[in-house]
>>> print(open('target21.txt').read())   # compact mmCIF, C-alpha atoms
# COMPACT_ATOMS: atom_id res chain seq x y z
CA MET Z 296 15.11 -62.75 52.89
CA ILE Z 297 17.89 -60.89 51.16
CA ILE Z 298 20.94 -60.05 53.19
CA THR Z 299 23.19 -57.48 51.63
CA PRO Z 300 26.83 -58.58 51.84
CA ARG Z 301 27.88 -55.18 53.12
CA HIS Z 302 25.92 -55.58 56.35
CA HIS Z 303 26.16 -59.28 56.78
CA GLY Z 304 28.47 -60.22 59.65
CA TRP Z 305 28.87 -56.67 60.88
CA LEU Z 306 27.06 -54.75 63.58
CA ARG Z 307 27.20 -51.03 64.23
CA VAL Z 308 28.07 -50.60 67.92
CA TRP Z 309 29.61 -47.14 68.42
CA ASP Z 310 28.22 -43.89 67.09
CA ALA Z 311 30.49 -41.20 65.63
CA PRO Z 312 30.30 -38.83 68.64
CA THR Z 313 31.50 -41.56 71.01
CA ARG Z 314 34.36 -42.50 68.67
CA ILE Z 315 35.40 -38.89 68.14
CA PHE Z 316 35.27 -38.33 71.90
CA HIS Z 317 37.46 -41.39 72.46
CA TRP Z 318 40.26 -40.51 70.04
CA ALA Z 319 40.20 -36.78 70.74
CA THR Z 320 40.62 -37.61 74.44
CA VAL Z 321 43.56 -39.90 73.70
CA ILE Z 322 45.34 -37.17 71.73
CA LEU Z 323 44.51 -34.39 74.19
CA ILE Z 324 45.65 -36.33 77.28
CA ALA Z 325 48.98 -36.96 75.57
CA ALA Z 326 49.18 -33.28 74.60
CA ALA Z 327 48.30 -32.17 78.15
CA TRP Z 328 51.08 -34.35 79.53
CA TRP Z 329 53.59 -33.06 76.98
CA THR Z 330 52.81 -29.36 77.42
CA GLU Z 331 53.09 -29.71 81.20
CA LYS Z 332 56.50 -31.39 80.83
CA GLN Z 333 57.62 -28.51 78.60
CA ARG Z 334 56.15 -26.00 81.08
CA MET Z 335 53.96 -24.61 78.29
CA LEU Z 336 51.24 -23.82 80.77
CA GLN Z 337 49.15 -21.59 78.51
CA ALA Z 338 48.81 -24.42 75.98
CA HIS Z 339 48.25 -26.85 78.88
CA ARG Z 340 45.32 -24.76 80.12
CA LEU Z 341 43.75 -24.55 76.63
CA ILE Z 342 44.02 -28.34 76.25
CA GLY Z 343 42.41 -28.67 79.68
CA TYR Z 344 39.44 -26.56 78.55
CA ALA Z 345 39.03 -28.72 75.43
CA LEU Z 346 39.14 -31.89 77.57
CA PHE Z 347 36.68 -30.33 80.00
CA SER Z 348 34.23 -29.69 77.14
CA LEU Z 349 34.69 -33.25 75.88
CA VAL Z 350 34.21 -34.86 79.29
CA LEU Z 351 31.10 -32.80 80.02
CA PHE Z 352 29.81 -33.82 76.61
CA ARG Z 353 30.53 -37.48 77.37
CA PHE Z 354 28.55 -37.30 80.60
CA ALA Z 355 25.68 -35.64 78.70
CA TRP Z 356 25.93 -38.30 75.98
CA ALA Z 357 25.68 -40.98 78.66
CA LEU Z 358 22.26 -39.51 79.45
CA ILE Z 359 20.88 -38.58 76.02
CA GLY Z 360 23.11 -40.45 73.54
CA SER Z 361 22.95 -43.74 71.69
CA SER Z 362 22.09 -46.85 73.69
CA THR Z 363 25.66 -48.27 73.72
CA SER Z 364 27.01 -44.97 75.11
CA ARG Z 365 24.53 -44.54 77.95
CA PHE Z 366 25.12 -45.01 81.67
CA SER Z 367 22.72 -47.97 81.56
CA ALA Z 368 25.20 -49.70 79.21
CA ILE Z 369 28.33 -48.48 81.01
CA LEU Z 370 27.49 -49.12 84.66
CA ARG Z 371 25.92 -52.53 84.95
CA SER Z 372 24.69 -54.04 88.22
CA PRO Z 373 27.15 -55.89 90.50
CA ALA Z 374 25.37 -59.19 89.76
CA VAL Z 375 25.89 -58.75 86.00
CA VAL Z 376 29.52 -57.76 86.54
CA TYR Z 377 30.08 -60.76 88.80
CA ASN Z 378 28.51 -63.20 86.36
CA TYR Z 379 30.54 -61.82 83.48
CA ALA Z 380 33.80 -61.96 85.45
CA ARG Z 381 33.03 -65.45 86.68
CA HIS Z 382 31.69 -67.11 83.58
CA GLU Z 383 32.64 -65.11 80.48
CA LEU Z 384 35.73 -62.96 80.99
CA PHE Z 385 38.30 -65.72 80.49
CA ARG Z 386 36.31 -67.87 78.07
CA ARG Z 387 37.33 -67.66 74.46
CA ASP Z 388 33.96 -68.85 73.22
CA ALA Z 389 31.95 -66.42 75.35
CA GLU Z 390 29.40 -64.31 73.50
CA HIS Z 391 30.60 -60.91 72.35
CA HIS Z 392 29.11 -57.72 73.74
CA ALA Z 393 27.60 -55.11 71.49
CA GLY Z 394 29.35 -52.24 73.25
CA HIS Z 395 30.94 -52.26 76.69
CA ASN Z 396 31.26 -55.56 78.50
CA PRO Z 397 30.14 -55.33 82.17
CA VAL Z 398 33.68 -55.12 83.58
CA GLY Z 399 34.98 -52.78 80.87
CA GLY Z 400 32.06 -50.43 81.45
CA TRP Z 401 33.12 -49.77 85.03
CA SER Z 402 36.65 -49.12 83.87
CA ILE Z 403 35.25 -46.47 81.47
CA GLY Z 404 33.22 -44.96 84.32
CA ALA Z 405 36.32 -44.83 86.52
CA MET Z 406 38.42 -43.18 83.79
CA LEU Z 407 35.76 -40.53 83.16
CA LEU Z 408 35.45 -39.78 86.86
CA VAL Z 409 39.21 -39.51 87.39
CA LEU Z 410 39.53 -37.37 84.27
CA LEU Z 411 36.89 -35.03 85.68
CA ALA Z 412 38.79 -34.88 89.00
CA GLN Z 413 41.94 -34.13 87.00
CA ILE Z 414 40.24 -31.22 85.26
CA VAL Z 415 38.56 -29.77 88.36
CA SER Z 416 41.81 -29.89 90.38
CA GLY Z 417 43.59 -28.15 87.48
CA LEU Z 418 41.03 -25.34 87.41
CA VAL Z 419 41.99 -24.24 90.95
CA ALA Z 420 45.62 -25.40 91.08
CA VAL Z 421 48.34 -22.91 92.02
CA ASP Z 422 52.00 -23.24 91.06
CA VAL Z 423 54.48 -23.00 93.94
CA ASP Z 424 55.89 -19.72 92.59
CA GLY Z 425 52.41 -18.30 92.13
CA LEU Z 426 53.25 -17.58 88.48
CA GLU Z 427 50.98 -20.17 86.92
CA SER Z 428 47.51 -21.11 88.06
CA GLY Z 429 44.15 -22.40 86.94
CA PRO Z 430 41.47 -19.88 85.91
CA LEU Z 431 39.35 -20.46 89.04
CA SER Z 432 42.25 -20.45 91.52
CA TYR Z 433 41.41 -16.90 92.64
CA LEU Z 434 38.35 -18.41 94.35
CA VAL Z 435 40.48 -20.51 96.73
CA SER Z 436 43.28 -19.79 99.21
CA PHE Z 437 46.96 -20.35 98.43
CA GLU Z 438 46.92 -23.46 100.65
CA ILE Z 439 43.92 -24.98 98.89
CA GLY Z 440 45.42 -24.09 95.50
CA ARG Z 441 48.66 -25.87 96.42
CA LEU Z 442 46.67 -28.88 97.66
CA ALA Z 443 44.77 -28.91 94.34
CA SER Z 444 48.10 -28.84 92.52
CA ARG Z 445 49.31 -31.91 94.43
CA LEU Z 446 45.99 -33.66 93.76
CA HIS Z 447 46.37 -32.73 90.07
CA ALA Z 448 49.64 -34.69 90.03
CA GLN Z 449 48.18 -37.64 91.94
CA THR Z 450 45.00 -37.97 89.89
CA PHE Z 451 47.19 -38.03 86.77
CA ASP Z 452 49.05 -41.07 88.15
CA ILE Z 453 45.72 -42.76 88.85
CA LEU Z 454 44.50 -41.86 85.36
CA LEU Z 455 47.66 -43.31 83.81
CA ALA Z 456 47.20 -46.55 85.76
CA LEU Z 457 43.59 -46.81 84.57
CA ILE Z 458 44.64 -46.12 80.97
CA CYS Z 459 47.29 -48.85 81.18
CA LEU Z 460 44.68 -51.24 82.53
CA HIS Z 461 42.34 -50.27 79.68
CA VAL Z 462 45.02 -50.84 77.03
CA ALA Z 463 46.03 -54.14 78.66
CA ALA Z 464 42.40 -55.28 78.64
CA VAL Z 465 42.06 -54.41 74.95
CA ALA Z 466 45.28 -56.34 74.25
CA PHE Z 467 43.93 -59.27 76.26
CA HIS Z 468 40.76 -59.28 74.13
CA MET Z 469 42.81 -59.04 70.96
CA LEU Z 470 45.38 -61.74 71.77
CA TYR Z 471 43.61 -64.15 74.08
CA LYS Z 472 39.98 -63.80 73.05
CA ARG Z 473 40.72 -63.05 69.37
CA ASP Z 474 38.35 -60.12 69.61
CA ASN Z 475 39.53 -56.87 68.01
CA LEU Z 476 38.05 -53.94 69.96
CA VAL Z 477 40.20 -51.26 68.34
CA MET Z 478 38.65 -51.46 64.86
CA PRO Z 479 35.08 -50.96 66.17
CA MET Z 480 36.24 -47.83 68.03
CA LEU Z 481 37.60 -46.55 64.68
CA SER Z 482 34.86 -47.64 62.27
CA GLY Z 483 31.92 -48.09 64.63
CA LEU Z 484 31.39 -51.63 63.29
CA ARG Z 485 32.29 -54.93 64.86
CA ARG Z 486 32.01 -58.49 63.52
CA TRP Z 487 28.71 -60.06 64.53
CA GLU Z 488 27.43 -63.47 63.56
CA SER Z 489 24.75 -64.23 66.16
CA GLU Z 490 21.34 -62.68 66.74
CA ARG Z 491 21.42 -58.90 66.35
CA PRO Z 492 20.52 -56.87 69.42
CA SER Z 493 18.30 -53.84 68.96
CA LEU Z 494 20.47 -50.78 69.48
CA ARG Z 495 19.23 -47.21 69.23
CA PHE Z 496 21.40 -44.51 67.74
CA ALA Z 497 20.88 -40.87 68.58
CA PRO Z 498 20.90 -38.26 65.79
CA LEU Z 499 24.15 -36.38 65.13
CA SER Z 500 22.36 -33.04 65.48
CA ARG Z 501 21.69 -33.89 69.13
CA ALA Z 502 25.38 -34.62 69.69
CA LEU Z 503 26.37 -31.34 68.07
CA ALA Z 504 23.88 -29.36 70.16
CA ALA Z 505 25.07 -31.10 73.35
CA PHE Z 506 28.73 -30.46 72.54
CA ILE Z 507 28.13 -26.78 71.79
CA ALA Z 508 26.25 -26.42 75.09
CA CYS Z 509 29.14 -28.09 76.99
CA ALA Z 510 31.78 -25.96 75.27
CA LEU Z 511 29.74 -22.86 76.09
CA ILE Z 512 29.58 -23.82 79.78
CA VAL Z 513 33.37 -24.21 79.81
CA TRP Z 514 33.87 -20.92 77.96
CA VAL Z 515 31.73 -19.06 80.51
CA LEU Z 516 33.51 -20.73 83.45
CA VAL Z 517 36.92 -19.80 82.06
CA ASN Z 518 36.34 -16.42 80.45
CA VAL Z 519 33.49 -14.91 82.44
CA VAL Z 520 33.86 -16.45 85.89
CA GLY Z 521 37.56 -17.27 85.65
CA ARG Z 522 40.64 -15.06 85.69
CA VAL Z 523 43.46 -16.05 83.40
CA MET P 208 73.39 -38.56 106.14
CA LEU P 209 73.67 -38.40 109.89
CA ALA P 210 70.44 -37.19 111.44
CA TYR P 211 70.50 -36.00 115.01
CA ALA P 212 67.88 -34.61 117.34
CA ALA P 213 67.55 -31.00 116.21
CA THR P 214 67.74 -28.30 118.88
CA PRO P 215 64.53 -26.40 119.64
CA ALA P 216 66.04 -23.32 117.99
CA ILE P 217 66.60 -25.22 114.74
CA VAL P 218 63.12 -26.73 114.78
CA SER P 219 61.47 -23.40 115.42
CA ALA P 220 63.54 -21.69 112.69
CA ILE P 221 62.40 -24.29 110.14
CA LYS P 222 58.77 -23.98 111.20
CA ALA P 223 58.98 -20.20 111.15
CA ARG P 224 60.46 -19.93 107.66
CA GLN P 225 57.96 -22.45 106.26
CA ALA P 226 55.01 -20.59 107.82
CA ASN P 227 56.43 -17.30 106.57
CA PHE P 228 56.86 -18.63 103.02
CA LYS P 229 53.25 -19.84 103.05
CA GLU P 230 52.06 -16.37 104.03
CA ILE P 231 54.29 -14.85 101.34
CA GLY P 232 52.79 -17.29 98.81
CA GLY P 233 49.31 -16.25 99.91
CA ASP P 234 50.18 -12.55 99.61
CA PHE P 235 51.71 -13.08 96.18
CA LYS P 236 48.62 -14.97 95.07
CA ALA P 237 46.38 -12.18 96.36
CA VAL P 238 48.34 -9.62 94.31
CA SER P 239 48.33 -11.90 91.24
CA ASP P 240 44.58 -12.56 91.51
CA GLU P 241 43.88 -8.83 91.62
CA ILE P 242 46.12 -8.16 88.63
CA LYS P 243 44.41 -10.94 86.68
CA SER P 244 40.97 -9.45 87.39
CA GLY P 245 41.88 -6.66 84.95
CA ALA P 246 40.69 -4.03 87.44
CA PRO P 247 42.76 -4.60 90.58
CA ASN P 248 41.30 -3.67 93.94
CA LEU P 249 44.19 -1.51 95.10
CA SER P 250 43.42 -1.64 98.79
CA ALA P 251 43.61 -5.46 98.69
CA VAL P 252 46.84 -5.23 96.66
CA ARG P 253 48.36 -2.72 99.11
CA SER P 254 47.77 -4.77 102.21
CA ALA P 255 49.04 -7.99 100.57
CA ALA P 256 52.12 -6.33 99.05
CA HIS P 257 52.93 -4.61 102.33
CA ASP P 258 52.63 -7.83 104.32
CA LEU P 259 54.79 -9.62 101.73
CA ASN P 260 57.45 -6.93 101.96
CA GLN P 261 57.53 -7.13 105.77
CA ARG P 262 57.87 -10.90 105.71
CA ALA P 263 60.50 -10.99 102.94
CA GLY P 264 62.93 -8.94 105.01
CA GLY P 265 62.72 -11.40 107.90
CA GLN P 266 63.34 -14.66 106.06
CA LEU P 267 67.16 -14.93 105.98
CA LYS P 268 67.56 -15.17 109.76
CA TYR P 269 65.55 -18.42 109.80
CA PHE P 270 68.09 -20.21 107.59
CA LEU P 271 70.29 -21.21 110.53
CA ARG P 272 73.25 -23.42 109.84
CA GLY P 273 72.14 -26.97 110.67
CA SER P 274 68.52 -26.34 109.64
CA GLY P 275 68.85 -28.23 106.35
CA PRO P 276 67.93 -31.87 105.72
CA GLU P 277 70.63 -32.93 108.25
CA SER P 278 68.36 -31.59 111.01
CA GLY P 279 66.09 -34.62 110.64
CA VAL P 280 63.13 -32.24 110.44
CA THR P 281 61.00 -32.49 107.30
CA THR P 282 62.33 -29.74 105.06
CA ARG P 283 62.92 -29.40 101.34
CA ALA P 284 65.71 -26.87 101.89
CA LEU P 285 68.77 -28.14 100.01
CA PRO P 286 72.33 -28.20 101.42
CA ALA P 287 73.40 -25.74 98.67
CA ILE P 288 71.83 -22.95 100.75
CA TRP P 289 74.68 -23.31 103.25
CA SER P 290 77.44 -24.73 101.05
CA ASP P 291 77.09 -21.71 98.73
CA GLY P 292 76.00 -19.23 101.38
CA ALA P 293 77.27 -16.14 99.54
CA GLU P 294 75.14 -16.83 96.48
CA PHE P 295 72.12 -17.57 98.65
CA ALA P 296 72.56 -14.29 100.53
CA LYS P 297 72.89 -12.39 97.24
CA ARG P 298 69.68 -13.93 95.93
CA ASN P 299 67.96 -13.20 99.22
CA GLY P 300 68.98 -9.56 98.67
CA ASP P 301 67.36 -9.64 95.19
CA PHE P 302 64.24 -11.09 96.76
CA VAL P 303 64.05 -8.43 99.47
CA ARG P 304 64.54 -5.62 96.90
CA ALA P 305 61.91 -7.08 94.54
CA ALA P 306 59.44 -7.33 97.45
CA ALA P 307 60.13 -3.70 98.41
CA ASP P 308 59.62 -2.68 94.77
CA LEU P 309 56.26 -4.49 94.66
CA ASP P 310 55.21 -2.79 97.88
CA SER P 311 56.20 0.64 96.62
CA ALA P 312 54.38 0.15 93.28
CA ALA P 313 51.29 -0.95 95.22
CA GLN P 314 51.36 1.99 97.63
CA LYS P 315 51.70 4.44 94.70
CA GLY P 316 48.87 2.67 92.89
CA ASP P 317 51.00 2.41 89.75
CA VAL P 318 49.41 -0.62 88.04
CA ALA P 319 51.92 -0.88 85.17
CA ARG P 320 54.83 -0.91 87.65
CA LEU P 321 52.90 -3.33 89.85
CA VAL P 322 52.49 -5.80 86.99
CA ALA P 323 56.20 -5.60 86.14
CA ALA P 324 57.23 -5.92 89.81
CA ARG P 325 54.96 -8.92 90.27
CA SER P 326 56.54 -10.74 87.30
CA ALA P 327 60.06 -9.86 88.44
CA LEU P 328 59.38 -11.10 91.96
CA GLY P 329 57.76 -14.29 90.64
CA MET P 330 60.83 -15.08 88.57
CA ILE P 331 63.04 -14.59 91.63
CA CYS P 332 60.83 -17.00 93.62
CA LYS P 333 61.11 -19.52 90.82
CA GLY P 334 64.89 -19.13 90.45
CA CYS P 335 65.57 -19.91 94.10
CA HIS P 336 63.02 -22.71 94.28
CA GLU P 337 64.77 -24.43 91.40
CA LYS P 338 68.20 -24.05 92.93
CA TYR P 339 67.63 -24.40 96.66
CA ARG P 340 64.49 -26.41 97.13
CA ALA P 341 64.01 -30.17 96.63
CA GLU P 342 61.29 -31.34 94.26
CA GLU P 343 58.02 -32.24 95.86
CA GLU P 344 57.66 -36.00 96.29
>>> encode(input="target21.txt", output="structure tokens")
Amino acid sequence: MIITPRHHGWLRVWDAPTRIFHWATVILIAAAWWTEKQRMLQAHRLIGYALFSLVLFRFAWALIGSSTSRFSAILRSPAVVYNYARHELFRRDAEHHAGHNPVGGWSIGAMLLVLLAQIVSGLVAVDVDGLESGPLSYLVSFEIGRLASRLHAQTFDILLALICLHVAAVAFHMLYKRDNLVMPMLSGLRRWESERPSLRFAPLSRALAAFIACALIVWVLVNVVGRV
Amino acid sequence: MLAYAATPAIVSAIKARQANFKEIGGDFKAVSDEIKSGAPNLSAVRSAAHDLNQRAGGQLKYFLRGSGPESGVTTRALPAIWSDGAEFAKRNGDFVRAAADLDSAAQKGDVARLVAARSALGMICKGCHEKYRAEEE
């Protein structure tokens, strides 16, 4: 059997759509925070719509995407999570996971859910002076809009805490377990010496179609249903 | 700061101004939502603008001396309202005039004037909130 050097020792774990989603979300969350701090609310809303499209796409990709990006790989059963936390999490010689580990998967699920809550609360939020508001705020009362605005601030704190936990976990893998998780999220490839699992990768055309559909849903919600 | 048991008059003044501001916020939102629709429903705008105007004129009397944070009642009203009472009264006058202007534009059905009056009033809301109201925790 001939093993080409290029593929030997490396395993493709993340597809391009998942990686693009990841880094675009990192940049856009930072930009959303910054534009809010500067009270550039028009830019903040546009960033929110982009994040909304991305998050919807990520949920769709968890249903129809590559095997490492699916819900079945993200949200593992409590027994699997328990066994991983008990026997593998703190062991340096534990086997690597091709994709999310069982604990990390739930942290991804939590971040996606909180990010969705962040976006939905922003859509109906109303500024105290009534000058700035989300595009769907006309559908709710002033009181509910103000409540959404407070929730929008609180879910951001929760999101920040989850992001810190995520970064700390990646640092823990890097420093304690000598397992670099950042490079695979950039290149899609991770080092792999043991038996290769069978992973399925979805075609890029499917990702493109799904993203366009998600962006269209957001566009209709904002520009047809919404009032800006 | 020394907190003492606020008199019933103080407590009811605080509650009244807060409730009134909430109604004003709701009225302002109703006007804004109609403007943003591109084709404002003028009868909705008129009733909201009129209600806002009525309420704006009645706000100052609820800012009784002693109804700030020292009352012990939960309020985000800052001491500057009373320590710089002349400035607060002047700004209240601006607010009352801007509300009357909004109402008059609405009753005449002059959409261009309504849009301008809405922005002007919104900026007055914002100016006082920044100066006289504590940040939300």
>>> interface_residues(input="target21.txt", of="chain P", to="chain Z", cutoff="7 Å", atoms="only C-alpha atoms", output="PyMOL selection string")
chain P and resi 232-233+235-236+240+243-244+329+332-333
>>> write_last_selection(input="target21.txt", atoms="C-alpha atoms", output="mmCIF file, keeping the file's coordinate frame")
data_model
loop_
_atom_site.group_PDB
_atom_site.id
_atom_site.type_symbol
_atom_site.label_atom_id
_atom_site.label_comp_id
_atom_site.auth_asym_id
_atom_site.auth_seq_id
_atom_site.Cartn_x
_atom_site.Cartn_y
_atom_site.Cartn_z
ATOM 1 C CA GLY P 232 52.790 -17.290 98.810
ATOM 2 C CA GLY P 233 49.310 -16.250 99.910
ATOM 3 C CA PHE P 235 51.710 -13.080 96.180
ATOM 4 C CA LYS P 236 48.620 -14.970 95.070
ATOM 5 C CA ASP P 240 44.580 -12.560 91.510
ATOM 6 C CA LYS P 243 44.410 -10.940 86.680
ATOM 7 C CA SER P 244 40.970 -9.450 87.390
ATOM 8 C CA GLY P 329 57.760 -14.290 90.640
ATOM 9 C CA CYS P 332 60.830 -17.000 93.620
ATOM 10 C CA LYS P 333 61.110 -19.520 90.820
#
>>> residues_around(input="target21.txt", residues="region 249-258 of chain P", least_positions_apart="5", cutoff="9 Å", atoms="only C-alpha atoms", output="NGL selection string")
:P and (230-231 or 233-239 or 241-242 or 263 or 306-307 or 309-314 or 316 or 318)
>>> write_last_selection(input="target21.txt", atoms="C-alpha atoms", output="mmCIF file, in the frame of the given file")
data_model
loop_
_atom_site.group_PDB
_atom_site.id
_atom_site.type_symbol
_atom_site.label_atom_id
_atom_site.label_comp_id
_atom_site.auth_asym_id
_atom_site.auth_seq_id
_atom_site.Cartn_x
_atom_site.Cartn_y
_atom_site.Cartn_z
ATOM 1 C CA GLU P 230 52.060 -16.370 104.030
ATOM 2 C CA ILE P 231 54.290 -14.850 101.340
ATOM 3 C CA GLY P 233 49.310 -16.250 99.910
ATOM 4 C CA ASP P 234 50.180 -12.550 99.610
ATOM 5 C CA PHE P 235 51.710 -13.080 96.180
ATOM 6 C CA LYS P 236 48.620 -14.970 95.070
ATOM 7 C CA ALA P 237 46.380 -12.180 96.360
ATOM 8 C CA VAL P 238 48.340 -9.620 94.310
ATOM 9 C CA SER P 239 48.330 -11.900 91.240
ATOM 10 C CA GLU P 241 43.880 -8.830 91.620
ATOM 11 C CA ILE P 242 46.120 -8.160 88.630
ATOM 12 C CA ALA P 263 60.500 -10.990 102.940
ATOM 13 C CA ALA P 306 59.440 -7.330 97.450
ATOM 14 C CA ALA P 307 60.130 -3.700 98.410
ATOM 15 C CA LEU P 309 56.260 -4.490 94.660
ATOM 16 C CA ASP P 310 55.210 -2.790 97.880
ATOM 17 C CA SER P 311 56.200 0.640 96.620
ATOM 18 C CA ALA P 312 54.380 0.150 93.280
ATOM 19 C CA ALA P 313 51.290 -0.950 95.220
ATOM 20 C CA GLN P 314 51.360 1.990 97.630
ATOM 21 C CA GLY P 316 48.870 2.670 92.890
ATOM 22 C CA VAL P 318 49.410 -0.620 88.040
#
>>> closest_residue(input="target21.txt", among="P:Ala226, P:Ala293, P:Ile217, P:Leu321", to="Gly275 (chain P)", atoms="all atoms listed in the file")
P:Ile217
>>> residues_around(input="target21.txt", residues="Asp474 (chain Z)", least_positions_apart="2", cutoff="10 Å", atoms="only C-alpha atoms", output="list in words")
Arg387, His391, Val465, Ala466, Phe467, His468, Met469, Leu470, Tyr471, Lys472, Leu476, Val477, Met478, Arg485 and Arg486 of chain Z
>>> residues_around(input="target21.txt", residues="Asn227 (chain P)", least_positions_apart="2", cutoff="12 Å", atoms="all atoms listed in the file", output="ChimeraX atom specification")
/P:219-225,229-234,258-269
>>> residues_around(input="target21.txt", residues="region 357-369 of chain Z", least_positions_apart="5", cutoff="9 Å", atoms="only C-alpha atoms", output="JSON, numbers by chain")
{"Z": [308, 309, 310, 312, 313, 352, 393, 394, 395, 396, 397, 398, 399, 400, 401, 402, 403, 404, 494, 495, 496, 497, 498, 501, 502, 505]}
